[in-house]
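Dropping run_19.txt in here (compact mmCIF, C-alpha atoms):
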```txt
# COMPACT_ATOMS: atom_id res chain seq x y z
CA MET A 172 71.30 25.59 121.95
CA GLY A 173 69.17 27.19 119.22
CA LYS A 174 69.95 27.57 115.56
CA THR A 175 73.46 27.47 114.17
CA LYS A 176 74.40 30.21 111.73
CA MET A 177 75.60 29.27 108.28
CA LYS A 178 78.60 31.40 107.35
CA LEU A 179 80.26 31.90 104.01
CA LYS A 180 83.99 31.45 103.66
CA ILE A 181 85.07 34.21 101.32
CA LYS A 182 88.45 34.19 99.61
CA ASN A 183 90.05 37.10 97.81
CA THR A 184 92.91 37.89 95.47
CA VAL A 185 93.88 41.24 97.00
CA HIS A 186 97.35 39.95 97.86
CA VAL A 187 97.96 38.79 94.26
CA LEU A 188 96.61 42.00 92.69
CA ARG A 189 98.66 44.11 95.06
CA ALA A 190 101.80 42.14 94.15
CA GLU A 191 101.02 42.63 90.45
CA LYS A 192 100.69 46.38 90.97
CA ARG A 193 103.88 46.35 93.10
CA ILE A 194 102.40 48.38 95.90
CA SER A 195 102.71 47.90 99.65
CA GLN A 196 99.83 47.28 102.06
CA GLU A 197 100.39 50.82 103.35
CA GLN A 198 100.02 52.33 99.86
CA LEU A 199 96.84 50.37 99.17
CA ALA A 200 95.46 51.31 102.59
CA ASN A 201 96.12 55.01 101.93
CA ALA A 202 94.55 54.81 98.47
CA ILE A 203 91.27 53.32 99.72
CA GLU A 204 91.32 55.19 103.05
CA VAL A 205 91.61 52.34 105.54
CA THR A 206 94.35 51.28 107.95
CA ARG A 207 97.19 48.91 107.00
CA ALA A 208 95.90 46.46 109.63
CA THR A 209 92.60 46.20 107.73
CA ILE A 210 94.38 45.35 104.44
CA ASN A 211 96.46 42.75 106.28
CA SER A 212 93.34 41.16 107.82
CA ILE A 213 91.51 41.13 104.46
CA GLU A 214 94.48 39.50 102.69
CA LYS A 215 94.74 36.84 105.41
CA GLY A 216 91.00 36.16 105.13
CA ASN A 217 90.44 37.09 108.78
CA TYR A 218 88.17 40.02 107.95
CA ASN A 219 85.48 40.28 105.29
CA PRO A 220 85.16 43.88 104.08
CA SER A 221 81.80 45.59 103.78
CA LEU A 222 80.21 45.78 100.34
CA GLU A 223 81.25 49.42 100.09
CA LEU A 224 84.90 48.67 100.88
CA ALA A 225 84.85 45.69 98.49
CA PHE A 226 83.68 48.04 95.71
CA ARG A 227 86.39 50.54 96.61
CA ILE A 228 88.99 47.76 96.34
CA SER A 229 87.59 46.59 92.99
CA GLU A 230 87.57 50.18 91.68
CA PHE A 231 91.16 50.63 92.76
CA PHE A 232 92.31 47.49 90.92
CA GLU A 233 89.91 48.21 88.01
CA LYS A 234 88.45 44.72 88.25
CA ASP A 235 84.98 43.35 88.67
CA ILE A 236 84.14 42.65 92.32
CA THR A 237 83.62 38.94 91.59
CA GLU A 238 87.12 38.72 90.15
CA ILE A 239 88.51 39.70 93.53
CA PHE A 240 86.05 38.19 96.01
CA SER A 241 84.51 34.74 95.70
CA VAL A 242 82.82 32.18 97.92
CA GLU A 243 85.15 29.35 98.79
CA GLY A 244 82.78 27.35 100.96
CA ARG A 245 80.30 27.33 103.75
CA TYR A 246 80.69 26.49 107.41
CA GLU A 247 78.51 26.49 110.49
CA MET B 45 84.66 71.54 120.37
CA ASN B 46 84.37 75.32 120.72
CA LYS B 47 87.18 77.66 121.80
CA LEU B 48 85.87 78.08 125.36
CA ASP B 49 85.75 74.29 125.88
CA LYS B 50 89.34 73.99 124.62
CA ILE B 51 90.52 76.72 127.02
CA ILE B 52 88.69 75.14 129.98
CA LEU B 53 90.03 71.67 129.10
CA LYS B 54 93.61 72.98 128.91
CA TYR B 55 93.12 74.86 132.17
CA ILE B 56 91.93 71.69 133.94
CA VAL B 57 95.00 69.76 132.74
CA PHE B 58 97.62 72.46 133.39
CA ALA B 59 96.15 73.65 136.71
CA LEU B 60 96.00 70.12 138.15
CA PRO B 61 99.58 70.21 139.59
CA PHE B 62 98.67 73.42 141.49
CA VAL B 63 95.53 71.74 142.87
CA ILE B 64 97.56 68.71 144.00
CA GLY B 65 100.15 71.10 145.47
CA LEU B 66 97.46 72.94 147.45
CA LEU B 67 95.98 69.69 148.77
CA ALA B 68 99.43 68.42 149.78
CA TRP B 69 100.33 71.74 151.40
CA GLY B 70 97.00 71.95 153.24
CA GLY B 71 97.31 68.30 154.31
CA SER B 72 100.81 68.68 155.69
CA GLY B 73 100.13 71.91 157.62
CA ASP B 74 97.21 73.57 159.37
CA PRO B 75 94.99 75.21 156.69
CA SER B 76 93.44 77.69 159.16
CA GLU B 77 96.91 78.81 160.25
CA LEU B 78 97.97 79.18 156.61
CA SER B 79 94.93 81.35 155.84
CA ARG B 80 95.84 83.62 158.78
CA SER B 81 99.45 84.00 157.66
CA SER B 82 100.78 87.10 155.95
CA GLY B 83 103.26 88.10 153.25
CA THR B 84 104.32 85.82 150.41
CA ILE B 85 102.89 82.67 152.00
CA ARG B 86 99.46 84.30 152.27
CA ILE B 87 99.60 85.44 148.61
CA ILE B 88 100.58 81.95 147.40
CA TRP B 89 97.94 80.32 149.63
CA ASP B 90 95.21 82.67 148.35
CA PHE B 91 96.29 82.20 144.74
CA LEU B 92 96.17 78.40 145.11
CA GLY B 93 92.82 78.66 146.87
CA TRP B 94 91.23 80.70 144.06
CA ASN B 95 92.79 78.36 141.50
CA PHE B 96 91.26 75.40 143.34
CA MET B 97 87.78 76.98 143.32
CA ILE B 98 87.96 77.82 139.61
CA TRP B 99 89.31 74.32 138.88
CA ILE B 100 86.37 72.69 140.70
CA LEU B 101 83.86 74.87 138.79
CA ALA B 102 85.59 74.17 135.46
CA SER B 103 85.62 70.41 136.18
CA LEU B 104 81.92 70.49 137.10
CA PHE B 105 81.11 72.36 133.88
CA LEU B 106 83.05 69.95 131.67
CA THR B 107 81.82 66.75 133.32
CA SER B 108 78.21 68.03 133.11
CA LYS B 109 78.71 68.90 129.45
CA MET B 110 80.07 65.40 128.82
CA VAL B 111 76.82 63.94 130.12
CA VAL B 112 74.55 66.08 127.91
CA SER B 113 76.63 66.54 124.72
CA LYS B 114 77.22 63.44 122.60
CA ARG B 115 79.73 65.20 120.36
CA PHE B 116 81.74 66.65 123.25
CA ARG B 117 81.73 63.28 125.04
CA GLY B 118 82.95 61.55 121.91
CA LEU B 119 85.75 64.07 121.42
CA VAL B 120 87.03 64.25 125.00
CA LEU B 121 86.42 60.74 126.32
CA GLY B 122 87.13 59.12 122.95
CA LYS B 123 90.57 60.75 122.98
CA ALA B 124 91.21 60.15 126.69
CA THR B 125 90.35 56.44 126.47
CA LYS B 126 92.11 56.04 123.09
CA ILE B 127 89.13 54.68 121.16
CA LYS B 128 90.20 54.26 117.51
CA GLU B 129 87.62 54.22 114.71
CA ARG B 130 89.62 55.17 111.63
CA ASP B 131 87.96 52.62 109.34
CA GLU B 132 85.24 49.99 109.29
CA MET B 133 87.34 47.22 110.84
CA GLU B 134 88.30 49.44 113.78
CA SER B 135 84.63 50.39 114.15
CA LEU B 136 83.73 46.70 114.30
CA ILE B 137 86.43 46.08 116.93
CA ALA B 138 85.29 49.13 118.92
CA GLY B 139 81.67 47.93 118.74
CA ASN B 140 82.49 44.41 119.93
CA ALA B 141 84.73 45.77 122.70
CA ALA B 142 82.06 48.26 123.78
CA LYS B 143 79.52 45.41 123.99
CA PHE B 144 81.91 43.33 126.10
CA SER B 145 82.67 46.32 128.33
CA PHE B 146 79.00 47.27 128.72
CA LEU B 147 77.88 43.75 129.64
CA SER B 148 80.76 43.10 132.04
CA THR B 149 80.21 46.47 133.74
CA LEU B 150 76.51 45.70 134.03
CA ALA B 151 77.40 42.37 135.68
CA ILE B 152 79.67 44.22 138.16
CA LEU B 153 76.91 46.73 138.90
CA PHE B 154 74.48 43.89 139.62
CA LEU B 155 77.08 42.33 141.94
CA PHE B 156 77.57 45.68 143.74
CA LEU B 157 73.81 46.15 144.01
CA PHE B 158 73.36 42.69 145.49
CA MET B 159 76.31 43.19 147.88
CA SER B 160 74.85 46.50 149.03
CA LEU B 161 71.41 44.97 149.64
CA PHE B 162 72.11 42.02 151.91
CA THR B 163 73.10 42.17 155.59
CA ILE B 164 74.83 39.65 157.84
CA THR B 165 75.32 39.83 161.62
CA LEU B 166 77.32 37.31 163.61
CA GLY B 167 76.97 37.63 167.39
CA LYS B 168 77.17 36.16 170.86
CA TYR B 169 74.12 36.08 173.19
CA PRO B 170 74.45 37.96 176.51
CA GLN B 171 74.80 35.75 179.62
CA GLY B 172 71.53 34.81 181.30
CA VAL B 173 69.40 35.25 178.20
CA THR B 174 67.24 32.26 177.36
CA VAL B 175 68.38 31.04 174.01
CA PRO B 176 67.04 28.25 171.84
CA GLU B 177 68.87 24.90 172.03
CA GLU B 178 71.47 26.35 174.42
CA LYS B 179 73.38 28.02 171.67
CA ASN B 180 75.62 30.91 172.60
CA GLY B 181 75.95 32.54 169.22
CA TYR B 182 73.67 33.62 166.40
CA ILE B 183 73.71 34.66 162.79
CA THR B 184 71.15 36.89 161.12
CA ILE B 185 70.81 37.44 157.41
CA GLY B 186 68.61 40.08 155.87
CA MET B 187 68.10 42.52 153.06
CA ASP B 188 68.17 46.28 153.26
CA PHE B 189 67.16 48.84 150.69
CA TYR B 190 67.42 52.54 151.41
CA PRO B 191 67.28 55.15 148.66
CA PHE B 192 69.38 57.57 150.72
CA ALA B 193 72.75 57.03 152.38
CA LYS B 194 72.73 55.94 156.01
CA LYS B 195 75.47 55.49 158.55
CA LYS B 196 77.18 52.10 158.26
CA ALA B 197 76.43 49.88 161.22
CA GLN B 198 79.27 48.86 163.49
CA PRO B 199 79.38 45.77 165.73
CA GLU B 200 77.60 46.63 169.00
CA ILE B 201 77.87 45.46 172.58
CA GLN B 202 74.47 44.36 173.96
CA GLY B 203 74.80 43.49 177.66
CA ASP B 204 77.40 40.75 177.91
CA GLY B 205 76.76 39.83 174.30
CA LEU B 206 78.79 41.12 171.44
CA GLU B 207 78.19 41.33 167.75
CA ILE B 208 81.40 39.85 166.39
CA PHE B 209 80.83 40.76 162.77
CA LYS B 210 78.26 42.94 161.08
CA TYR B 211 77.94 43.35 157.30
CA THR B 212 75.42 45.88 156.09
CA GLY B 213 76.67 46.69 152.61
CA ILE B 214 79.83 47.21 150.61
CA PRO B 215 82.49 48.69 152.91
CA LEU B 216 83.76 51.09 150.24
CA SER B 217 83.24 54.81 149.78
CA ASN B 218 81.13 56.11 146.90
CA SER B 219 84.25 57.62 145.28
CA ILE B 220 86.12 54.30 145.32
CA MET B 221 83.10 52.46 143.91
CA PHE B 222 82.77 54.94 141.05
CA LEU B 223 86.53 54.75 140.43
CA ILE B 224 86.41 50.93 140.32
CA ILE B 225 83.56 51.06 137.78
CA ILE B 226 85.39 53.64 135.60
CA LEU B 227 88.66 51.69 135.69
CA TRP B 228 86.85 48.44 134.99
CA GLN B 229 85.00 49.92 132.01
CA VAL B 230 88.10 51.44 130.39
CA GLY B 231 90.25 48.40 131.21
CA SER B 232 87.74 45.81 129.99
CA TYR B 233 87.23 47.81 126.77
CA HIS B 234 90.95 47.76 125.98
CA VAL B 235 91.33 44.07 126.88
CA ALA B 236 88.47 43.28 124.47
CA VAL B 237 90.07 45.44 121.73
CA ARG B 238 93.39 43.56 122.06
CA ARG B 239 91.53 40.24 121.85
CA GLU B 240 89.54 41.31 118.77
CA GLU B 241 92.68 42.64 117.07
CA ALA B 242 94.50 39.37 117.74
CA LEU B 243 91.60 37.45 116.15
CA LEU B 244 91.59 39.61 113.01
CA ASP B 245 95.35 39.98 112.60
```
What does the file become when written as structure tokens?
Amino acid sequence: MGKTKMKLKIKNTVHVLRAEKRISQEQLANAIEVTRATINSIEKGNYNPSLELAFRISEFFEKDITEIFSVEGRYE
Amino acid sequence: MNKLDKIILKYIVFALPFVIGLLAWGGSGDPSELSRSSGTIRIIWDFLGWNFMIWILASLFLTSKMVVSKRFRGLVLGKATKIKERDEMESLIAGNAAKFSFLSTLAILFLFLFMSLFTITLGKYPQGVTVPEEKNGYITIGMDFYPFAKKKAQPEIQGDGLEIFKYTGIPLSNSIMFLIIILWQVGSYHVAVRREEALLD
């Protein structure tokens, strides 16, 4: 019924960058002022952060936003 | 929340056991006899009575303030119903759960409205009354809408006939209906939060 929405599948490297920095999800969550559950959901790809939170994450890791978040594919 | 609101809120919580105590005491004995008593019993009874009156006034003040003040409502009810919005993901979950809760409560309210509108009567014709097709019973279905409360109809005896069953609205008190709606809203919100969290985890 009606139109189907095209969604973007976004992947991220937060888990890898966090491992490189040797910090826990809790530490990252505290640094960017979100809950640990949010970091867990972002790393698993279950939650796409807002643009503001994505910038906060990129600032924290001192990387360009596109180095952390990229489009993996599209699905309906 | 200002200092007065905090004091009133604490009073409502801490004075509640005394209110329940008064209601239990009054329910188990004869209140008019208790109010005529003397000595320590009279002092305790009077103290609990004044406490009850102040508690009712304080509750009325706070519940009225909750209706008009968005900030106060958010602080008190947000805490009481454990709504968490510490970051954007929790805000998203809270928003989706609130939508679910709002729509399901609306559906329940429509159901209650419909149930309170229609009437059914099942009955038996009195002996000797000319009835169509020699039937001895009847069923009537109708709709009723009154803006003000009216006495609920009971089955009536009409001659030899008897109304076996009469439905003229939801057979629940206003308090129970409001309680059901409140419990449903809080419960459905939390069920939706758990579901959203499970999806995102």
Practice task
Could you please determine the separation between atom CA of Arg245 of chain A and atom CA of Arg239 of chain B in Å, to one decimal place?
Solution key: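 Atom CA of Arg245 of chain A sits 24.9 Å away from atom CA of Arg239 of chain B.
Distance annotation: of B:Met133, B:Met187, B:Val111, B:Leu104, the residue with the minimal separation from chain A is B:Met133; atom set is all atoms listed in the file.
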Exercise for the section: Up to 12 Å from chain A, what residues of chain B turn up? Count all atoms listed in the file and give them as a count of residues only. Expected result: 16
Practice task
Mind giving me the straight-line distance from atom CA of Asp188 of chain B to atom CA of Thr174 of chain B in Å, one decimal?
Solution key: 27.9 Å
Handout entry: Selection near segment 88-91 of chain B, 10 Å with only C-alpha atoms, sequence-local residues under 3 positions removed, as a PyMOL selection string
Key = chain B and resi 62+66+69-70+75+78-85+94-96
Write out the residues from the selection above, keeping C-alpha atoms, as an mmCIF file, in the frame of the given file.
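Output below, filename result_6.cif:
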```
data_model
loop_
_atom_site.group_PDB
_atom_site.id
_atom_site.type_symbol
_atom_site.label_atom_id
_atom_site.label_comp_id
_atom_site.auth_asym_id
_atom_site.auth_seq_id
_atom_site.Cartn_x
_atom_site.Cartn_y
_atom_site.Cartn_z
ATOM 1 C CA PHE B 62 98.670 73.420 141.490
ATOM 2 C CA LEU B 66 97.460 72.940 147.450
ATOM 3 C CA TRP B 69 100.330 71.740 151.400
ATOM 4 C CA GLY B 70 97.000 71.950 153.240
ATOM 5 C CA PRO B 75 94.990 75.210 156.690
ATOM 6 C CA LEU B 78 97.970 79.180 156.610
ATOM 7 C CA SER B 79 94.930 81.350 155.840
ATOM 8 C CA ARG B 80 95.840 83.620 158.780
ATOM 9 C CA SER B 81 99.450 84.000 157.660
ATOM 10 C CA SER B 82 100.780 87.100 155.950
ATOM 11 C CA GLY B 83 103.260 88.100 153.250
ATOM 12 C CA THR B 84 104.320 85.820 150.410
ATOM 13 C CA ILE B 85 102.890 82.670 152.000
ATOM 14 C CA TRP B 94 91.230 80.700 144.060
ATOM 15 C CA ASN B 95 92.790 78.360 141.500
ATOM 16 C CA PHE B 96 91.260 75.400 143.340
#
```
Exercise for the section: May I ask which of the residues A:Gly244, A:Arg207, A:Asn201, A:Arg189 is the closest one to Phe232 of chain A, counting all atoms listed in the file? Expected result: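 The closest residue to Phe232 of chain A is A:Arg189.
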Handout entry: Residues within 10 Å of Val242 of chain A, all atoms listed in the file, excluding chain neighbours under 3 positions, as a PyMOL selection string
Key = chain A and resi 179-183+237+245
Fill in the blank from the handout: Correct to one decimal, the distance atom CA of Thr149 of chain B-atom CA of Trp228 of chain B is 7.0 Å
